[in-house]
$ cat model-v8.txt   # compact mmCIF, C-alpha atoms
# COMPACT_ATOMS: atom_id res chain seq x y z
CA MET A 4 22.70 136.32 109.50
CA SER A 5 20.87 133.69 107.54
CA ALA A 6 18.47 131.17 109.02
CA ILE A 7 21.00 128.42 108.37
CA ASP A 8 23.64 130.40 110.27
CA ASP A 9 21.27 130.85 113.22
CA GLU A 10 20.64 127.10 113.20
CA LEU A 11 24.38 126.37 113.11
CA GLN A 12 25.15 128.70 116.03
CA ALA A 13 22.24 127.25 118.03
CA LEU A 14 23.50 123.71 117.30
CA LEU A 15 27.02 124.51 118.57
CA GLU A 16 25.66 126.26 121.67
CA ARG A 17 23.52 123.25 122.51
CA ILE A 18 26.40 120.74 122.45
CA PRO A 19 28.29 120.78 125.79
CA TYR A 20 31.41 119.15 124.28
CA ALA A 21 31.60 121.84 121.55
CA GLN A 22 31.52 124.44 124.33
CA PHE A 23 34.16 122.50 126.28
CA LEU A 24 36.55 122.65 123.31
CA GLY A 25 35.50 126.21 122.40
CA VAL A 26 34.48 125.44 118.80
CA ARG A 27 33.00 128.27 116.72
CA ALA A 28 31.89 128.35 113.09
CA GLU A 29 31.49 130.83 110.27
CA LEU A 30 29.46 130.39 107.13
CA ALA A 31 30.22 131.67 103.64
CA GLY A 32 27.14 130.63 101.69
CA ASP A 33 26.86 126.92 102.32
CA GLU A 34 30.56 126.47 103.12
CA MET A 35 31.46 126.41 106.76
CA THR A 36 34.78 127.16 108.39
CA ALA A 37 35.07 125.70 111.86
CA ILE A 38 37.29 127.66 114.24
CA LEU A 39 39.06 126.34 117.32
CA PRO A 40 40.73 129.19 119.22
CA PHE A 41 43.79 128.01 121.15
CA GLY A 42 43.22 127.26 124.82
CA GLU A 43 45.61 125.87 127.42
CA HIS A 44 43.17 123.00 128.10
CA LEU A 45 43.62 121.70 124.52
CA VAL A 46 47.31 120.91 124.99
CA GLY A 47 48.38 117.27 124.89
CA ASN A 48 52.18 117.66 124.98
CA PRO A 49 53.00 120.51 127.38
CA THR A 50 56.74 120.52 126.54
CA LEU A 51 56.46 121.74 122.93
CA PRO A 52 53.53 122.65 123.56
CA ALA A 53 51.27 120.84 121.07
CA ILE A 54 47.50 120.49 120.80
CA HIS A 55 46.34 116.95 121.69
CA GLY A 56 45.92 114.76 118.60
CA GLY A 57 42.56 113.61 119.92
CA VAL A 58 41.34 117.21 120.08
CA LEU A 59 42.26 117.76 116.42
CA GLY A 60 40.46 114.52 115.50
CA ALA A 61 37.40 115.52 117.51
CA PHE A 62 37.42 119.02 115.99
CA MET A 63 37.54 117.66 112.42
CA GLU A 64 34.84 115.09 113.25
CA MET A 65 32.62 117.90 114.49
CA THR A 66 33.39 119.93 111.35
CA ALA A 67 32.22 117.02 109.17
CA LEU A 68 29.04 116.52 111.24
CA ALA A 69 28.17 120.24 111.18
CA GLN A 70 28.79 120.56 107.43
CA LEU A 71 26.57 117.52 106.84
CA SER A 72 23.82 119.02 109.00
CA ILE A 73 24.01 122.22 106.94
CA LYS A 74 23.76 120.28 103.68
CA GLU A 75 21.20 117.67 104.67
CA GLY A 76 19.16 119.50 107.29
CA GLN A 77 18.32 118.46 110.83
CA ALA A 78 16.07 115.58 109.72
CA ARG A 79 19.11 113.52 108.79
CA GLN A 80 21.22 113.89 111.93
CA PRO A 81 24.46 112.23 110.83
CA ARG A 82 26.21 109.57 112.93
CA VAL A 83 29.87 108.64 112.66
CA ILE A 84 30.62 105.15 111.32
CA ASP A 85 34.38 105.43 110.92
CA VAL A 86 37.09 108.04 110.64
CA SER A 87 40.70 107.88 109.52
CA ILE A 88 42.85 110.70 110.83
CA GLU A 89 46.21 111.68 109.37
CA TYR A 90 48.55 113.86 111.39
CA LEU A 91 50.76 116.03 109.21
CA ARG A 92 52.24 118.68 111.46
CA SER A 93 52.36 119.45 115.15
CA GLY A 94 49.36 121.51 116.35
CA ARG A 95 50.98 124.73 117.57
CA PRO A 96 49.45 126.99 120.25
CA LEU A 97 47.46 128.96 117.65
CA THR A 98 43.90 129.13 116.32
CA THR A 99 43.05 126.09 114.21
CA TYR A 100 40.62 126.15 111.28
CA ALA A 101 38.90 123.28 109.49
CA ARG A 102 36.77 122.88 106.40
CA ALA A 103 34.86 119.82 105.26
CA GLU A 104 34.24 118.66 101.72
CA ILE A 105 31.32 116.33 101.22
CA LYS A 106 32.47 113.89 98.57
CA LYS A 107 29.24 111.93 98.31
CA VAL A 108 25.89 111.65 100.04
CA GLY A 109 24.01 108.47 99.22
CA ARG A 110 20.79 107.05 100.54
CA ARG A 111 22.46 105.84 103.73
CA ILE A 112 26.11 106.87 103.76
CA ALA A 113 27.98 110.15 103.39
CA ASN A 114 31.70 110.34 102.65
CA VAL A 115 33.41 113.47 103.94
CA HIS A 116 37.00 114.76 103.82
CA VAL A 117 38.20 117.42 106.28
CA GLU A 118 41.41 119.42 106.48
CA ALA A 119 42.64 121.43 109.45
CA TRP A 120 45.21 124.19 109.26
CA GLN A 121 46.63 127.06 111.31
CA GLU A 122 48.64 129.88 109.74
CA GLN A 123 48.75 128.56 106.19
CA ARG A 124 45.84 126.97 104.38
CA ALA A 125 48.35 125.22 102.09
CA ALA A 126 50.15 123.63 105.05
CA PRO A 127 47.44 121.52 106.74
CA ILE A 128 48.27 120.14 110.20
CA ALA A 129 45.82 117.23 110.01
CA ALA A 130 43.27 115.59 107.72
CA LEU A 131 40.28 113.33 108.29
CA ARG A 132 38.32 111.05 106.02
CA GLY A 133 35.11 109.63 107.37
CA HIS A 134 31.91 107.73 106.67
CA PHE A 135 28.70 108.91 108.27
CA LEU A 136 25.29 107.29 108.54
CA VAL A 137 22.67 109.73 107.29
CA THR A 138 19.57 107.52 107.42
CA PRO A 139 16.81 109.32 109.33
CA THR A 140 16.93 107.84 112.83
CA GLU A 141 13.83 105.94 113.85
CA LYS A 142 12.57 106.59 117.32
CA PRO A 143 13.10 103.49 119.47
CA ALA A 144 9.79 101.82 120.37
CA LYS A 145 10.27 101.99 124.14
CA MET B 8 61.72 94.57 134.28
CA ASN B 9 59.25 95.15 137.08
CA ASP B 10 61.15 98.27 138.09
CA HIS B 11 60.90 99.45 134.51
CA LEU B 12 57.13 98.86 134.49
CA GLU B 13 56.78 100.75 137.76
CA ILE B 14 58.65 103.71 136.22
CA MET B 15 56.40 103.54 133.13
CA ARG B 16 53.34 103.57 135.40
CA GLN B 17 54.62 106.73 137.06
CA VAL B 18 55.32 108.27 133.64
CA ALA B 19 51.76 107.39 132.53
CA HIS B 20 50.30 108.95 135.66
CA GLY B 21 52.52 112.01 135.19
CA MET B 22 51.38 112.31 131.59
CA ASN B 23 47.72 112.26 132.62
CA GLN B 24 48.36 115.00 135.16
CA GLY B 25 50.84 117.00 133.06
CA SER B 26 48.81 116.98 129.85
CA PRO B 27 46.21 119.76 130.22
CA GLN B 28 43.74 118.05 127.84
CA ALA B 29 44.03 114.71 129.68
CA ARG B 30 43.49 116.48 132.99
CA ALA B 31 40.54 118.50 131.64
CA LEU B 32 38.87 115.26 130.54
CA GLY B 33 39.71 113.51 133.83
CA PHE B 34 41.76 110.72 132.24
CA GLU B 35 43.05 107.98 134.56
CA THR B 36 45.34 105.05 133.82
CA VAL B 37 43.62 102.01 135.33
CA SER B 38 46.41 99.56 134.60
CA LEU B 39 49.67 99.47 132.70
CA GLU B 40 51.51 96.29 131.77
CA HIS B 41 54.14 95.64 129.12
CA ALA B 42 52.78 97.08 125.81
CA THR B 43 49.23 97.23 127.25
CA ALA B 44 47.32 100.11 128.82
CA VAL B 45 43.81 100.46 130.22
CA MET B 46 42.43 103.96 130.72
CA LYS B 47 39.20 105.54 131.91
CA VAL B 48 37.36 108.78 131.22
CA PRO B 49 34.70 109.51 133.86
CA TYR B 50 31.23 110.44 132.57
CA SER B 51 30.65 114.18 132.74
CA ASP B 52 27.79 116.43 131.62
CA LYS B 53 30.27 118.85 130.01
CA LEU B 54 31.47 116.12 127.60
CA VAL B 55 28.03 115.33 126.17
CA GLY B 56 27.80 115.40 122.38
CA ASP B 57 24.05 114.80 122.06
CA PRO B 58 22.08 116.87 124.56
CA ASP B 59 18.86 114.97 123.71
CA THR B 60 20.24 111.61 124.88
CA GLY B 61 23.16 112.56 127.16
CA VAL B 62 25.57 110.40 125.13
CA ILE B 63 29.24 111.44 125.45
CA ALA B 64 30.68 113.05 122.28
CA GLY B 65 32.51 110.80 119.85
CA GLY B 66 35.43 113.22 120.08
CA VAL B 67 36.00 112.29 123.72
CA VAL B 68 36.29 108.63 122.70
CA THR B 69 38.69 109.69 119.91
CA THR B 70 40.94 111.50 122.39
CA LEU B 71 40.76 108.63 124.93
CA LEU B 72 41.75 106.09 122.25
CA ASP B 73 44.60 108.29 120.98
CA HIS B 74 45.91 108.82 124.52
CA CYS B 75 45.54 105.17 125.55
CA CYS B 76 47.25 103.93 122.36
CA GLY B 77 50.10 106.35 123.12
CA GLN B 78 50.50 104.94 126.64
CA ALA B 79 50.54 101.37 125.30
CA ALA B 80 53.29 102.42 122.85
CA HIS B 81 55.29 103.98 125.70
CA ALA B 82 54.83 100.80 127.73
CA ALA B 83 56.28 98.76 124.85
CA LEU B 84 59.52 100.78 124.70
CA ASP B 85 62.63 100.04 126.75
CA THR B 86 63.49 103.70 127.20
CA PHE B 87 61.36 106.83 127.25
CA LYS B 88 60.94 108.44 123.84
CA TYR B 89 58.68 111.23 122.69
CA ILE B 90 56.03 109.89 120.35
CA ALA B 91 53.49 111.50 118.03
CA THR B 92 50.39 110.05 116.38
CA LEU B 93 50.94 109.47 112.68
CA ASP B 94 47.50 108.12 111.94
CA LEU B 95 44.48 106.99 113.84
CA ARG B 96 41.59 104.99 112.41
CA ILE B 97 38.45 104.63 114.52
CA ASP B 98 35.33 102.51 113.95
CA TYR B 99 32.30 103.55 115.96
CA MET B 100 30.20 100.48 116.77
CA ARG B 101 27.50 101.92 118.99
CA ALA B 102 26.65 104.90 121.21
CA ALA B 103 28.05 104.78 124.74
CA GLU B 104 25.52 104.36 127.57
CA PRO B 105 24.68 107.79 129.01
CA GLY B 106 25.95 108.18 132.57
CA LYS B 107 28.59 105.47 132.31
CA ASP B 108 32.37 105.93 132.43
CA ILE B 109 34.19 104.92 129.25
CA PHE B 110 37.27 102.69 129.25
CA ALA B 111 39.89 102.05 126.60
CA LYS B 112 42.23 99.08 126.36
CA ALA B 113 45.19 99.37 123.99
CA HIS B 114 47.88 96.89 122.97
CA CYS B 115 51.06 97.85 121.11
CA PHE B 116 51.68 94.76 119.02
CA LYS B 117 54.75 95.87 117.06
CA VAL B 118 57.58 98.34 117.50
CA THR B 119 60.05 99.05 114.70
CA LYS B 120 62.96 101.50 114.66
CA ASN B 121 60.71 104.43 113.79
CA VAL B 122 57.10 103.37 114.31
CA ALA B 123 54.89 101.75 116.98
CA PHE B 124 51.69 99.99 115.88
CA VAL B 125 48.77 99.84 118.31
CA ARG B 126 45.22 98.46 118.42
CA ALA B 127 42.57 99.47 120.95
CA VAL B 128 38.92 99.15 121.93
CA ALA B 129 36.72 101.54 123.89
CA TYR B 130 33.88 100.13 126.01
CA ASP B 131 31.56 101.06 128.84
CA ALA B 132 31.03 97.66 130.44
CA ASP B 133 32.51 94.78 128.46
CA PRO B 134 35.56 94.90 126.14
CA ASP B 135 33.77 92.31 123.99
CA ASP B 136 30.90 94.75 123.41
CA PRO B 137 32.93 97.77 122.29
CA VAL B 138 31.73 101.31 121.73
CA ALA B 139 34.59 101.85 119.30
CA ALA B 140 37.78 100.24 118.00
CA ALA B 141 40.98 101.92 116.87
CA THR B 142 44.17 101.22 114.96
CA ALA B 143 47.01 103.70 115.39
CA ALA B 144 50.59 104.26 114.28
CA PHE B 145 53.01 106.44 116.25
CA MET B 146 56.29 108.00 115.16
CA LEU B 147 59.01 107.37 117.73
CA ASP B 148 61.43 110.11 118.80
CA SER B 149 59.04 112.65 117.31
CA SER B 150 60.57 115.50 119.27
CA ALA B 151 64.17 114.59 118.46
CA GLY B 152 66.11 117.82 118.20
CA LYS B 153 63.11 119.94 119.22
CA LYS B 154 63.68 122.00 122.33
CA PRO B 155 60.96 122.72 124.89
CA GLY B 156 58.80 125.57 123.61
CA ALA B 157 59.71 124.80 119.98
CA ASN B 158 56.07 125.18 118.91
CA PHE B 159 55.97 128.83 119.99
CA LYS B 160 58.21 129.61 117.00
CA PRO B 161 57.03 129.41 113.39
CA PRO B 162 58.37 126.44 111.40
CA ARG B 163 61.85 127.05 109.99
CA THR B 164 61.01 126.15 106.42
CA PRO B 165 57.74 127.47 105.02
CA ALA B 166 55.59 124.77 103.43

$ encode --input "model-v8.txt" --output "structure tokens"
Amino acid sequence: MSAIDDELQALLERIPYAQFLGVRAELAGDEMTAILPFGEHLVGNPTLPAIHGGVLGAFMEMTALAQLSIKEGQARQPRVIDVSIEYLRSGRPLTTYARAEIKKVGRRIANVHVEAWQEQRAAPIAALRGHFLVTPTEKPAK
Amino acid sequence: MNDHLEIMRQVAHGMNQGSPQARALGFETVSLEHATAVMKVPYSDKLVGDPDTGVIAGGVVTTLLDHCCGQAAHAALDTFKYIATLDLRIDYMRAAEPGKDIFAKAHCFKVTKNVAFVRAVAYDADPDDPVAAATAAFMLDSSAGKKPGANFKPPRTPA
């Protein structure tokens, strides 16, 4: 395991909401695959059943944030400005994967695209495009 | 009309209890009027996204806004239909206050034959000082022809 992998695993373990969803991550070089094993608590529509759309949005948001942290380091803790989520297919009761592509990192803003899929990488179930603030946060003078 | 609203309120409550994710997050419908829903997610340590500050994860707000927009869409329809989120755009204005419950207020301002359009804000104290704002579109009759348990089977036509 690389140092960056250790950092990533420590980051996920430290975030209660990541634990609540059950998000894991694997690194191949500097490319991360986020993994969301299916859990009953993730279901939004129990009839089909389908994973809650909000969960898929949250999972892709987290994927973007984690990939940015890997690329930019902990000093530039990214914050979400806006996200646009597209739902393509119903989230079936299966493991979901997501990968983020950083399209641009500027002085202040990063633009990131994420895709989530289940059984087939070529058949994504949802996509996210987002802007993130990557300015180093100043400590409030309180 | 009032009877219809009362039924929709019971449906909304049933959906909060019957949806495992909504129940896990502790979602409550505070009020439901025609085409308008107000919901609440109680603050909880397990939903924190930044352990240094105790601020609730953005993803929780995402799910609350999605769910609340869905309830507003339901409340705008004359009959119950299954709906599915087509797209959801969220602007994050500021971090939520640690320790405070988060509310969402959604209004479905247009329903067409196939699509419901909804706007919403999330806030911790004042709707005029939002934590986040959302615009969503929902497909109506999204489960038409799908039987219960349909998602256990692989899709009929490979992509």

$ closest_residue --input "model-v8.txt" --among "A:Leu15, A:Val83, A:Leu30, A:Leu136" --to "chain B" --atoms "all atoms listed in the file"
A:Val83

$ residues_around --input "model-v8.txt" --residues "Ala91 in chain B" --least-positions-apart "4" --cutoff "12 Å" --atoms "only C-alpha atoms" --output "PyMOL selection string"
(chain A and resi 47-48+51+53-57+89-94) or (chain B and resi 73-74+76-78+80-81+95+121-124+143-151)

$ residues_near_point --input "model-v8.txt" --point "(51.1, 98.8, 130.3)" --cutoff "10 Å" --atoms "all atoms listed in the file" --output "list in words"
Leu12, Glu13, Met15, Arg16, Ala19, Thr36, Val37, Ser38, Leu39, Glu40, His41, Ala42, Thr43, Ala44, Val45, Cys75, Gln78, Ala79, Ala80, His81, Ala82, Ala83, Lys112, Ala113, His114 and Cys115 of chain B

$ atom_distance --input "model-v8.txt" --atom1 "CA of Leu32 in chain B" --atom2 "CA of Gln80 in chain A"
25.7 Å

$ interface_residues --input "model-v8.txt" --of "chain A" --to "chain B" --cutoff "10 Å" --atoms "all atoms listed in the file" --output "PyMOL selection string"
chain A and resi 15+17-24+42-65+82-97+122-123+125-127+129-134

$ residues_around --input "model-v8.txt" --residues "Ser5 in chain A" --least-positions-apart "3" --cutoff "10 Å" --atoms "all atoms listed in the file" --output "list in words"
Asp8, Asp9, Glu10, Leu11, Leu30 and Gly32 of chain A

$ residues_around --input "model-v8.txt" --residues "Thr36 in chain A" --least-positions-apart "2" --cutoff "7 Å" --atoms "all atoms listed in the file" --output "list in words"
Ala28, Glu29, Leu30, Glu34, Ile38, Tyr100, Ala101 and Arg102 of chain A

$ atom_distance --input "model-v8.txt" --atom1 "CA of Lys88 in chain B" --atom2 "CA of Lys120 in chain B"
11.7 Å

$ atom_distance --input "model-v8.txt" --atom1 "CA of Ile128 in chain A" --atom2 "CA of Ala69 in chain A"
20.1 Å

$ closest_residue --input "model-v8.txt" --among "A:Ala67, A:Val137, A:Leu39, A:Ile105" --to "Gln121 in chain A" --atoms "all atoms listed in the file"
A:Leu39
